[in-house]
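*Asks:* You'll find work30.txt just under this line, and it carries compact mmCIF, C-alpha atoms.
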```
# COMPACT_ATOMS: atom_id res chain seq x y z
CA MET Z 187 19.01 -1.09 -10.13
CA ALA Z 188 18.89 -0.03 -13.78
CA ALA Z 189 18.69 3.65 -14.70
CA LEU Z 190 15.97 4.86 -17.02
CA THR Z 191 16.88 4.41 -20.68
CA GLY Z 192 16.84 7.34 -23.07
CA SER Z 193 13.49 6.30 -24.51
CA GLN Z 194 12.00 5.93 -21.02
CA LYS Z 195 13.23 9.38 -20.01
CA LYS Z 196 11.67 10.81 -23.14
CA MET Z 197 8.43 8.99 -22.44
CA ALA Z 198 8.08 9.91 -18.76
CA PRO Z 199 7.10 13.63 -18.90
CA GLN Z 200 4.53 13.35 -21.69
CA ASN Z 201 2.80 10.04 -21.00
CA PRO Z 202 0.46 9.73 -18.03
CA VAL Z 203 1.09 7.56 -15.02
CA LEU Z 204 -1.75 5.18 -14.19
CA VAL Z 205 -2.55 5.08 -10.47
CA THR Z 206 -5.11 2.42 -9.63
CA GLY Z 207 -6.97 2.79 -6.35
CA ALA Z 208 -6.62 6.57 -6.73
CA ALA Z 209 -9.55 7.22 -4.38
CA GLY Z 210 -7.97 4.97 -1.75
CA PHE Z 211 -5.66 6.02 1.04
CA ILE Z 212 -2.21 5.35 -0.43
CA GLY Z 213 -3.35 5.79 -4.02
CA PHE Z 214 -4.67 9.28 -3.30
CA HIS Z 215 -1.40 10.39 -1.72
CA VAL Z 216 0.75 8.88 -4.48
CA ALA Z 217 -1.39 10.45 -7.21
CA ARG Z 218 -1.24 13.83 -5.48
CA ARG Z 219 2.54 13.69 -5.14
CA LEU Z 220 2.99 12.78 -8.82
CA LEU Z 221 0.67 15.59 -9.88
CA GLN Z 222 2.56 18.05 -7.70
CA GLN Z 223 5.72 16.95 -9.52
CA GLY Z 224 4.07 17.88 -12.82
CA ARG Z 225 3.32 14.32 -13.94
CA PRO Z 226 -0.07 13.74 -15.64
CA VAL Z 227 -2.02 11.05 -13.78
CA VAL Z 228 -4.94 8.87 -14.81
CA GLY Z 229 -6.69 7.57 -11.73
CA VAL Z 230 -8.90 4.49 -11.58
CA ASP Z 231 -11.09 3.36 -8.71
CA CYS Z 232 -14.35 1.45 -8.35
CA LEU Z 233 -15.36 3.42 -5.20
CA SER Z 234 -16.06 0.22 -3.29
CA PRO Z 235 -18.37 0.69 -0.28
CA TYR Z 236 -15.98 -1.33 1.94
CA TYR Z 237 -15.71 1.93 3.91
CA ASP Z 238 -17.33 5.37 3.60
CA VAL Z 239 -17.54 6.34 -0.07
CA LYS Z 240 -17.85 10.01 0.94
CA LEU Z 241 -14.25 9.87 2.15
CA LYS Z 242 -13.14 8.49 -1.22
CA GLU Z 243 -15.10 11.17 -3.03
CA ALA Z 244 -13.46 13.83 -0.84
CA ARG Z 245 -10.03 12.51 -1.79
CA LEU Z 246 -10.97 12.66 -5.48
CA ALA Z 247 -12.19 16.23 -5.03
CA GLU Z 248 -8.71 17.15 -3.78
CA LEU Z 249 -7.06 15.49 -6.78
CA ARG Z 250 -9.35 17.26 -9.23
CA LYS Z 251 -8.02 20.59 -7.97
CA LEU Z 252 -4.64 19.75 -9.50
CA PRO Z 253 -3.85 20.09 -13.23
CA GLY Z 254 -3.16 16.91 -15.15
CA PHE Z 255 -5.58 14.59 -13.36
CA SER Z 256 -8.28 12.52 -15.03
CA PHE Z 257 -10.38 9.76 -13.50
CA SER Z 258 -12.27 6.65 -14.58
CA GLN Z 259 -14.57 4.65 -12.33
CA PHE Z 260 -14.76 0.91 -12.92
CA ASP Z 261 -13.68 -2.46 -11.49
CA LEU Z 262 -10.31 -3.68 -12.69
CA ASP Z 263 -11.68 -7.22 -12.78
CA ASP Z 264 -13.64 -5.99 -15.81
CA ARG Z 265 -11.29 -7.27 -18.50
CA GLY Z 266 -12.77 -5.25 -21.34
CA ALA Z 267 -12.79 -1.94 -19.46
CA THR Z 268 -9.21 -2.42 -18.27
CA ALA Z 269 -7.97 -3.33 -21.75
CA ALA Z 270 -9.74 -0.29 -23.21
CA LEU Z 271 -8.12 2.03 -20.68
CA PHE Z 272 -4.62 0.75 -21.47
CA ALA Z 273 -5.31 0.99 -25.20
CA GLN Z 274 -6.48 4.59 -24.82
CA HIS Z 275 -3.32 5.75 -23.02
CA TRP Z 276 0.35 4.94 -23.45
CA PHE Z 277 1.16 4.70 -19.75
CA SER Z 278 4.85 5.27 -19.09
CA HIS Z 279 4.48 3.84 -15.59
CA VAL Z 280 1.75 2.06 -13.67
CA VAL Z 281 1.34 2.26 -9.89
CA HIS Z 282 -1.15 -0.45 -8.99
CA LEU Z 283 -2.59 0.21 -5.53
CA ALA Z 284 -6.18 -0.94 -6.03
CA ALA Z 285 -7.13 -3.99 -3.98
CA GLN Z 286 -9.70 -5.46 -1.70
CA VAL Z 287 -8.07 -4.74 1.64
CA GLY Z 288 -8.62 -5.94 5.18
CA VAL Z 289 -7.60 -9.14 6.92
CA ARG Z 290 -10.82 -9.80 8.81
CA HIS Z 291 -13.12 -9.10 5.88
CA SER Z 292 -11.37 -11.86 3.92
CA LEU Z 293 -12.87 -14.40 6.33
CA ASN Z 294 -16.37 -13.26 5.37
CA ASP Z 295 -16.12 -12.42 1.67
CA PRO Z 296 -13.24 -14.36 0.08
CA HIS Z 297 -14.58 -13.95 -3.46
CA ALA Z 298 -14.08 -10.17 -3.26
CA TYR Z 299 -10.35 -10.82 -2.80
CA VAL Z 300 -10.18 -13.25 -5.69
CA ASP Z 301 -11.98 -10.82 -8.01
CA ALA Z 302 -10.09 -7.65 -7.08
CA ASN Z 303 -6.67 -8.92 -6.06
CA LEU Z 304 -6.18 -11.81 -8.50
CA GLN Z 305 -8.37 -11.18 -11.54
CA GLY Z 306 -7.89 -7.42 -11.34
CA PHE Z 307 -4.12 -7.80 -11.10
CA ALA Z 308 -4.04 -10.22 -14.02
CA ASN Z 309 -5.84 -7.62 -16.15
CA VAL Z 310 -3.33 -4.94 -15.13
CA LEU Z 311 -0.41 -7.23 -16.01
CA GLU Z 312 -1.94 -7.87 -19.42
CA GLY Z 313 -2.45 -4.14 -19.96
CA CYS Z 314 1.20 -3.45 -19.11
CA ARG Z 315 2.38 -6.31 -21.31
CA HIS Z 316 0.57 -5.16 -24.43
CA ASN Z 317 0.86 -1.39 -24.12
CA GLY Z 318 4.49 -0.45 -23.60
CA CYS Z 319 4.66 0.11 -19.84
CA ALA Z 320 8.24 0.84 -18.72
CA HIS Z 321 7.68 -0.15 -15.07
CA LEU Z 322 4.86 -1.63 -12.99
CA VAL Z 323 4.98 -0.84 -9.28
CA TYR Z 324 2.34 -2.65 -7.24
CA ALA Z 325 1.19 -2.98 -3.64
CA SER Z 326 2.06 -6.12 -1.79
CA SER Z 327 1.75 -6.33 2.00
CA SER Z 328 3.54 -7.27 5.20
CA SER Z 329 0.77 -9.88 5.47
CA VAL Z 330 2.80 -12.10 3.13
CA TYR Z 331 5.10 -12.89 6.08
CA GLY Z 332 2.26 -14.82 7.69
CA SER Z 333 3.48 -17.15 10.41
CA ASN Z 334 7.11 -15.98 10.19
CA THR Z 335 8.51 -15.12 13.63
CA ARG Z 336 12.14 -14.21 12.88
CA MET Z 337 12.45 -10.44 13.23
CA PRO Z 338 12.92 -8.13 11.44
CA PHE Z 339 11.07 -9.48 8.41
CA SER Z 340 13.45 -9.62 5.45
CA THR Z 341 12.59 -9.82 1.76
CA ARG Z 342 15.06 -12.71 1.69
CA ASP Z 343 12.81 -14.75 4.01
CA ASN Z 344 10.54 -17.50 2.75
CA VAL Z 345 6.89 -16.37 2.72
CA ASP Z 346 4.98 -19.55 2.00
CA HIS Z 347 2.74 -19.66 5.09
CA PRO Z 348 0.10 -16.89 4.99
CA LEU Z 349 -2.31 -16.57 7.92
CA ASN Z 350 -5.24 -15.21 5.88
CA LEU Z 351 -6.55 -15.03 2.32
CA TYR Z 352 -5.61 -11.37 1.95
CA GLY Z 353 -1.95 -12.22 2.56
CA ALA Z 354 -2.22 -15.19 0.21
CA THR Z 355 -3.50 -12.98 -2.63
CA LYS Z 356 -0.62 -10.56 -2.10
CA LYS Z 357 1.91 -13.39 -2.27
CA ALA Z 358 0.13 -14.55 -5.43
CA ASN Z 359 0.53 -11.05 -6.90
CA GLU Z 360 4.28 -11.25 -6.40
CA LEU Z 361 4.39 -14.63 -8.16
CA MET Z 362 2.19 -13.42 -11.02
CA ALA Z 363 4.40 -10.36 -11.48
CA HIS Z 364 7.50 -12.55 -11.59
CA SER Z 365 6.06 -14.70 -14.35
CA TYR Z 366 5.43 -11.60 -16.49
CA SER Z 367 8.88 -10.21 -15.72
CA HIS Z 368 10.40 -13.54 -16.76
CA LEU Z 369 8.30 -14.17 -19.85
CA PHE Z 370 7.90 -10.64 -21.22
CA ALA Z 371 10.81 -8.68 -19.65
CA LEU Z 372 8.26 -6.42 -17.92
CA PRO Z 373 10.01 -4.60 -15.05
CA THR Z 374 7.92 -5.08 -11.89
CA THR Z 375 8.46 -3.96 -8.30
CA GLY Z 376 6.34 -5.18 -5.39
CA LEU Z 377 6.06 -3.10 -2.22
CA ARG Z 378 5.31 -4.83 1.06
CA PHE Z 379 3.61 -2.07 3.02
CA PHE Z 380 3.68 -2.17 6.83
CA THR Z 381 0.59 -0.68 8.61
CA VAL Z 382 0.37 2.65 6.82
CA TYR Z 383 -1.45 5.49 8.64
CA GLY Z 384 -1.87 9.24 8.46
CA PRO Z 385 -4.17 11.99 7.12
CA TRP Z 386 -6.85 10.80 4.71
CA GLY Z 387 -6.38 7.28 6.10
CA ARG Z 388 -8.76 4.35 6.38
CA PRO Z 389 -11.48 4.39 9.07
CA ASP Z 390 -11.16 0.63 9.59
CA MET Z 391 -7.49 0.90 10.61
CA ALA Z 392 -6.49 1.05 14.28
CA ILE Z 393 -5.20 4.62 14.55
CA TRP Z 394 -8.32 6.14 12.94
CA SER Z 395 -10.77 3.89 14.80
CA PHE Z 396 -9.01 4.43 18.15
CA THR Z 397 -8.90 8.21 17.62
CA ALA Z 398 -12.60 8.29 16.76
CA ALA Z 399 -13.61 6.14 19.73
CA ILE Z 400 -11.47 7.99 22.26
CA SER Z 401 -12.69 11.37 20.98
CA GLU Z 402 -16.31 10.25 21.32
CA GLY Z 403 -15.92 8.47 24.66
CA ARG Z 404 -16.54 5.00 23.22
CA PRO Z 405 -14.51 1.93 24.26
CA ILE Z 406 -11.79 0.60 21.99
CA LYS Z 407 -11.27 -3.12 21.43
CA LEU Z 408 -7.75 -4.38 22.12
CA PHE Z 409 -7.18 -7.86 20.74
CA ASN Z 410 -4.75 -10.27 22.38
CA HIS Z 411 -5.25 -8.01 25.42
CA GLY Z 412 -3.22 -5.30 23.72
CA ALA Z 413 -0.06 -7.43 23.47
CA MET Z 414 0.58 -6.67 19.79
CA ARG Z 415 3.37 -4.83 17.98
CA ARG Z 416 3.09 -3.18 14.60
CA ASP Z 417 5.58 -1.40 12.36
CA PHE Z 418 3.41 1.70 11.89
CA THR Z 419 4.51 3.66 8.81
CA PHE Z 420 3.47 7.27 8.24
CA ILE Z 421 1.94 7.98 4.84
CA ASP Z 422 4.54 10.62 3.85
CA ASP Z 423 7.32 8.08 4.29
CA THR Z 424 5.36 5.51 2.31
CA VAL Z 425 4.75 7.89 -0.59
CA GLU Z 426 8.39 8.95 -0.70
CA ALA Z 427 9.43 5.32 -1.08
CA VAL Z 428 6.86 4.71 -3.83
CA VAL Z 429 7.73 7.74 -5.97
CA ARG Z 430 11.46 7.04 -5.71
CA LEU Z 431 11.04 3.43 -6.77
CA VAL Z 432 8.75 4.33 -9.68
CA GLU Z 433 11.81 5.80 -11.40
CA LEU Z 434 14.02 2.79 -10.60
CA PRO Z 435 12.84 -0.12 -12.74
CA PRO Z 436 14.70 -3.29 -11.78
CA SER Z 437 17.02 -5.16 -14.06
CA GLY Z 438 17.71 -8.83 -13.75
CA ASP Z 439 20.44 -9.93 -11.35
CA PRO Z 440 22.97 -11.94 -13.41
CA ASN Z 441 24.41 -13.40 -10.18
CA TRP Z 442 21.10 -14.81 -9.01
CA SER Z 443 21.42 -18.55 -8.46
CA SER Z 444 18.70 -21.16 -8.67
CA ASP Z 445 20.83 -23.38 -6.41
CA ALA Z 446 20.53 -20.82 -3.59
CA PRO Z 447 17.66 -18.57 -4.68
CA ASP Z 448 17.27 -15.14 -3.11
CA PRO Z 449 13.47 -14.59 -2.78
CA SER Z 450 13.85 -10.80 -3.09
CA ARG Z 451 15.26 -10.74 -6.62
CA SER Z 452 15.64 -12.76 -9.81
CA LYS Z 453 17.40 -13.01 -13.14
CA ALA Z 454 14.18 -11.43 -14.42
CA PRO Z 455 13.58 -7.65 -13.96
CA TRP Z 456 11.64 -8.23 -10.74
CA ARG Z 457 12.10 -6.99 -7.17
CA VAL Z 458 10.23 -6.78 -3.88
CA TYR Z 459 10.87 -4.27 -1.08
CA ASN Z 460 9.68 -3.75 2.47
CA VAL Z 461 8.24 -0.29 3.08
CA GLY Z 462 8.06 0.10 6.85
CA ASN Z 463 9.32 2.31 9.64
CA SER Z 464 11.61 -0.48 10.89
CA SER Z 465 10.59 0.41 14.44
CA PRO Z 466 7.71 -1.72 15.80
CA VAL Z 467 5.51 -0.09 18.43
CA GLU Z 468 3.54 -1.73 21.24
CA LEU Z 469 -0.20 -1.26 20.75
CA MET Z 470 -0.58 0.15 24.27
CA LYS Z 471 1.96 2.87 23.40
CA VAL Z 472 -0.15 3.75 20.38
CA VAL Z 473 -3.18 4.09 22.65
CA SER Z 474 -1.34 6.32 25.15
CA THR Z 475 0.04 8.48 22.31
CA ILE Z 476 -3.46 8.98 20.88
CA GLU Z 477 -4.75 9.78 24.39
CA ALA Z 478 -2.11 12.50 24.72
CA ALA Z 479 -2.92 13.95 21.28
CA VAL Z 480 -6.69 13.86 21.83
CA GLY Z 481 -6.51 14.98 25.48
CA ARG Z 482 -8.75 12.21 26.72
CA LYS Z 483 -8.30 8.78 28.33
CA ALA Z 484 -9.40 5.67 26.47
CA LYS Z 485 -12.00 3.19 27.64
CA THR Z 486 -10.71 -0.27 26.78
CA GLU Z 487 -12.23 -3.69 26.14
CA MET Z 488 -9.66 -6.49 26.30
CA LEU Z 489 -10.29 -9.39 23.92
CA GLY Z 490 -8.50 -12.53 22.75
CA MET Z 491 -6.50 -13.03 19.60
CA GLN Z 492 -8.41 -12.84 16.32
CA PRO Z 493 -8.11 -15.43 13.54
CA GLY Z 494 -5.71 -14.33 10.82
CA ASP Z 495 -3.84 -11.75 12.92
CA ALA Z 496 -0.07 -11.68 13.44
CA LEU Z 497 1.42 -10.90 16.84
CA ALA Z 498 4.05 -8.54 15.47
CA THR Z 499 5.41 -6.95 12.29
CA TYR Z 500 8.88 -5.48 11.86
CA ALA Z 501 10.42 -4.46 8.52
CA ASP Z 502 14.03 -4.80 7.43
CA VAL Z 503 14.36 -1.88 4.99
CA SER Z 504 18.06 -2.17 4.20
CA ASP Z 505 17.35 -2.94 0.52
CA LEU Z 506 15.13 0.14 0.21
CA GLU Z 507 17.79 2.31 1.82
CA ARG Z 508 20.53 0.94 -0.43
CA ASP Z 509 18.65 1.12 -3.74
CA ALA Z 510 16.42 4.18 -3.28
CA GLY Z 511 18.55 6.13 -0.80
CA PHE Z 512 15.64 6.42 1.59
CA ARG Z 513 14.68 5.06 4.98
CA PRO Z 514 11.28 5.84 6.60
CA SER Z 515 11.82 7.81 9.82
CA ILE Z 516 8.71 9.70 10.99
CA SER Z 517 8.11 8.76 14.65
CA ILE Z 518 4.83 7.42 15.94
CA GLU Z 519 4.46 10.51 18.17
CA ASP Z 520 4.87 12.93 15.27
CA GLY Z 521 2.73 10.83 12.95
CA ILE Z 522 -0.18 10.48 15.37
CA ARG Z 523 -0.08 14.21 16.17
CA ARG Z 524 -0.33 15.00 12.44
CA PHE Z 525 -3.14 12.49 11.99
CA VAL Z 526 -5.18 13.81 14.95
CA ASP Z 527 -4.80 17.40 13.70
CA TRP Z 528 -6.10 16.33 10.28
CA TYR Z 529 -8.86 14.16 11.79
CA ARG Z 530 -10.23 17.08 13.81
CA ALA Z 531 -10.21 19.35 10.77
CA TYR Z 532 -11.80 16.74 8.51
CA THR Z 533 -14.54 15.60 10.90
CA GLY Z 534 -15.26 19.18 11.89
CA ALA Z 535 -15.69 20.16 8.24
CA ALA Z 536 -17.85 17.10 7.59
CA ALA Z 537 -20.08 17.89 10.57
CA SER Z 538 -20.51 21.54 9.55
CA SER Z 539 -21.55 20.52 6.02
CA ASN Z 540 -24.36 18.24 7.27
```
Output the file's structure in the form of structure tokens.
*Replies:*
Amino acid sequence: MAALTGSQKKMAPQNPVLVTGAAGFIGFHVARRLLQQGRPVVGVDCLSPYYDVKLKEARLAELRKLPGFSFSQFDLDDRGATAALFAQHWFSHVVHLAAQVGVRHSLNDPHAYVDANLQGFANVLEGCRHNGCAHLVYASSSSVYGSNTRMPFSTRDNVDHPLNLYGATKKANELMAHSYSHLFALPTTGLRFFTVYGPWGRPDMAIWSFTAAISEGRPIKLFNHGAMRRDFTFIDDTVEAVVRLVELPPSGDPNWSSDAPDPSRSKAPWRVYNVGNSSPVELMKVVSTIEAAVGRKAKTEMLGMQPGDALATYADVSDLERDAGFRPSISIEDGIRRFVDWYRAYTGAAASSN
């Protein structure tokens, strides 16, 4: 990995970092960490109603307490608004975390994924290209591995068989980024996140929805009769990986060969990394761990496999450990305990304010 050049080091403290999706789960945590490090941050989010907007507004309220934060609300698929934002600021780095998320929702509203994940990303790439960005870090997803079954998933694996449109758009993002890295020498790094959870998380994700249902005595739905494994990754580990990689723009690999291409790197300044705990957990263990943290047994409804779902995810993070000196390590027991503590505080505060 290339070190920051002298001009990039000079640029970093005084130019803001753009964090897209700043009102989202990972975006909020990344923006907060950067602000706590003394980095000015411009946040962008459209406050999509995909899940409770009040939660997104509460995240923004936390960010506004920190010096150096400013916020703009608009859709990144708005070409004019995105271009104007980049022209207004000389972003030293861009952390692109805005996206239309959710595997199942992509079956019902595919155009939302095309608009946000493809058009929006194209506008961000153009902004970086024309406005001096030193490094673009963007969210990809473990969903790119699709029908792959060889475990653990490696960035050197072929990822040409997505199981859903969401995963397909994330693979497309990686390809789009590579073309800009190749054509315009724009350093880009894609992060394949593996089932991120924790405080300020998403209500549509399993650990939040299971915690809410068990706490309220409602049944939880277990697809494929609970026989699923996920590489659950605690948010603090995820953020640590992101902020370390922000300062490590890739350089091209001169030894990369088109005769035996390594899918994780290129002669262009382009890289992809897995960001996962590298320790897949059975879904039933997740349920029992939440039961222990909540102090209540779950009511369960066993269902069949859902279209677009993968049976298991498991990240090989050896590249991340080698290049960034970091390996996610927070256990599912510790992570769920921290989430449940936060969930009780947050829902209790929300109830008392109503």
*Asks:* If I take atom CA of Z:Ser437 and atom CA of Z:Pro455, how far is one from the other in Å, to one decimal?
*Replies:*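 Computing the Euclidean distance for atom CA of Z:Ser437 and atom CA of Z:Pro455 yields 4.2 Å.
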*Asks:* Return the single residue from Z:Ala498, Z:Leu351, Z:Ala454, Z:Ala478 that is closest to Z:His297, with distances computed using only C-alpha atoms.
*Replies:*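 The closest residue to Z:His297 is Z:Leu351.
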*Asks:* Please identify all polymer residues lying at most 9 Å from the point (1.0, 3.3, -14.5) (file coordinates), using only C-alpha atoms, and present the result as a PyMOL selection string.
*Replies:* chain Z and resi 202-206+227-228+277-282+314+319-323
*Asks:* By how many Å are atom CA of Z:Leu249 and atom CA of Z:His275 apart?
*Replies:*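 Separation of atom CA of Z:Leu249 and atom CA of Z:His275: 19.3 Å.
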*Asks:* Find the residues around stretch 410-423 of chain Z up to 6 Å (all atoms listed in the file counted), leave out those fewer than 3 positions away in its own chain, and share them as a CSV table (one decimal) with C-alpha atoms, in the frame of the given file.
*Replies:*
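What landed in around.csv:
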```csv
chain,number,residue,atom,x,y,z
Z,380,PHE,CA,3.7,-2.2,6.8
Z,381,THR,CA,0.6,-0.7,8.6
Z,382,VAL,CA,0.4,2.6,6.8
Z,383,TYR,CA,-1.4,5.5,8.6
Z,384,GLY,CA,-1.9,9.2,8.5
Z,426,GLU,CA,8.4,9.0,-0.7
Z,462,GLY,CA,8.1,0.1,6.8
Z,463,ASN,CA,9.3,2.3,9.6
Z,465,SER,CA,10.6,0.4,14.4
Z,466,PRO,CA,7.7,-1.7,15.8
Z,467,VAL,CA,5.5,-0.1,18.4
Z,468,GLU,CA,3.5,-1.7,21.2
Z,469,LEU,CA,-0.2,-1.3,20.8
Z,488,MET,CA,-9.7,-6.5,26.3
Z,489,LEU,CA,-10.3,-9.4,23.9
Z,490,GLY,CA,-8.5,-12.5,22.8
Z,491,MET,CA,-6.5,-13.0,19.6
Z,497,LEU,CA,1.4,-10.9,16.8
Z,498,ALA,CA,4.0,-8.5,15.5
Z,499,THR,CA,5.4,-7.0,12.3
Z,500,TYR,CA,8.9,-5.5,11.9
Z,514,PRO,CA,11.3,5.8,6.6
Z,521,GLY,CA,2.7,10.8,13.0
```
*Asks:* Can you measure atom CA of Z:Ser443 to atom CA of Z:His364 for me? One decimal in Å is fine.
*Replies:* 15.5 Å
*Asks:* Tell me which protein, DNA and RNA residues are within 7 Å of Z:Thr341, counting only C-alpha atoms, leaving out same-chain ones fewer than 4 positions away, and put them as a PyMOL selection string.
*Replies:* chain Z and resi 449-450+458-460
*Asks:* Mind dumping the selected residues with C-alpha atoms as a tab-separated table (two decimals), in the coordinates of the input?
*Replies:*
```
chain	number	residue	atom	x	y	z
Z	449	PRO	CA	13.47	-14.59	-2.78
Z	450	SER	CA	13.85	-10.80	-3.09
Z	458	VAL	CA	10.23	-6.78	-3.88
Z	459	TYR	CA	10.87	-4.27	-1.08
Z	460	ASN	CA	9.68	-3.75	2.47
```
*Asks:* Using all atoms listed in the file for the distances, tell me which of Z:Met391, Z:Val345, Z:Leu311, Z:Cys232 is nearest to Z:Leu369.
*Replies:*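 Smallest distance to Z:Leu369 is found for Z:Leu311.
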*Asks:* Measuring atom to atom with all atoms listed in the file, identify which of Z:Gly318, Z:Gly438, Z:Gly387, Z:Gly481 is nearest to Z:Gly213.
*Replies:*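 Smallest distance to Z:Gly213 is found for Z:Gly387.
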*Asks:* Would you please work out which residue, of Z:Leu293, Z:Ala501, Z:Met362, Z:Ala510, is nearest to Z:Leu434 when using only C-alpha atoms?
*Replies:* Z:Ala510
*Asks:* Using all atoms listed in the file, which of Z:Glu248, Z:Thr475, Z:Asp295, Z:Ala427 sits nearest Z:Arg508?
*Replies:* Z:Ala427
*Asks:* So, with only C-alpha atoms as the atoms that count, which of Z:Arg513, Z:Arg265, Z:His347, Z:Arg457 lies closest to Z:Thr424?
*Replies:*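 Closest to Z:Thr424 of all the choices is Z:Arg513.
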*Asks:* Could N, CA, C and O atoms be built for stretch 344-359 of chain Z and written out as a tab-separated table (two decimals), in the frame of the given file?
*Replies:*
```tsv
chain	number	residue	atom	x	y	z
Z	344	ASN	N	11.61	-16.74	3.39
Z	344	ASN	CA	10.54	-17.50	2.75
Z	344	ASN	C	9.19	-17.00	3.25
Z	344	ASN	O	9.03	-16.72	4.44
Z	345	VAL	N	8.22	-16.87	2.34
Z	345	VAL	CA	6.89	-16.37	2.72
Z	345	VAL	C	5.80	-17.30	2.19
Z	345	VAL	O	4.88	-16.86	1.51
Z	346	ASP	N	5.90	-18.54	2.53
Z	346	ASP	CA	4.98	-19.55	2.00
Z	346	ASP	C	3.89	-19.97	2.98
Z	346	ASP	O	3.18	-20.95	2.73
Z	347	HIS	N	3.72	-19.23	4.09
Z	347	HIS	CA	2.74	-19.66	5.09
Z	347	HIS	C	1.86	-18.49	5.54
Z	347	HIS	O	1.94	-18.01	6.67
Z	348	PRO	N	0.99	-18.00	4.63
Z	348	PRO	CA	0.10	-16.89	4.99
Z	348	PRO	C	-0.91	-17.31	6.06
Z	348	PRO	O	-1.30	-18.47	6.15
Z	349	LEU	N	-1.34	-16.32	6.85
Z	349	LEU	CA	-2.31	-16.57	7.92
Z	349	LEU	C	-3.74	-16.21	7.51
Z	349	LEU	O	-4.67	-16.45	8.26
Z	350	ASN	N	-3.90	-15.61	6.32
Z	350	ASN	CA	-5.24	-15.21	5.88
Z	350	ASN	C	-5.23	-15.10	4.36
Z	350	ASN	O	-4.16	-15.06	3.72
Z	351	LEU	N	-6.43	-15.06	3.78
Z	351	LEU	CA	-6.55	-15.03	2.32
Z	351	LEU	C	-5.99	-13.74	1.74
Z	351	LEU	O	-5.42	-13.74	0.64
Z	352	TYR	N	-6.16	-12.63	2.44
Z	352	TYR	CA	-5.61	-11.37	1.95
Z	352	TYR	C	-4.11	-11.50	1.71
Z	352	TYR	O	-3.59	-11.16	0.65
Z	353	GLY	N	-3.38	-12.02	2.71
Z	353	GLY	CA	-1.95	-12.22	2.56
Z	353	GLY	C	-1.62	-13.19	1.43
Z	353	GLY	O	-0.64	-13.00	0.70
Z	354	ALA	N	-2.45	-14.22	1.28
Z	354	ALA	CA	-2.22	-15.19	0.21
Z	354	ALA	C	-2.37	-14.55	-1.16
Z	354	ALA	O	-1.59	-14.84	-2.09
Z	355	THR	N	-3.34	-13.64	-1.32
Z	355	THR	CA	-3.50	-12.98	-2.63
Z	355	THR	C	-2.33	-12.06	-2.92
Z	355	THR	O	-1.93	-11.90	-4.07
Z	356	LYS	N	-1.77	-11.44	-1.89
Z	356	LYS	CA	-0.62	-10.56	-2.10
Z	356	LYS	C	0.62	-11.36	-2.47
Z	356	LYS	O	1.42	-10.93	-3.31
Z	357	LYS	N	0.80	-12.51	-1.85
Z	357	LYS	CA	1.91	-13.39	-2.27
Z	357	LYS	C	1.68	-13.85	-3.71
Z	357	LYS	O	2.62	-13.89	-4.52
Z	358	ALA	N	0.44	-14.16	-4.05
Z	358	ALA	CA	0.13	-14.55	-5.43
Z	358	ALA	C	0.46	-13.43	-6.41
Z	358	ALA	O	0.96	-13.67	-7.51
Z	359	ASN	N	0.19	-12.18	-6.04
Z	359	ASN	CA	0.53	-11.05	-6.90
Z	359	ASN	C	2.02	-11.01	-7.20
Z	359	ASN	O	2.44	-10.75	-8.33
```
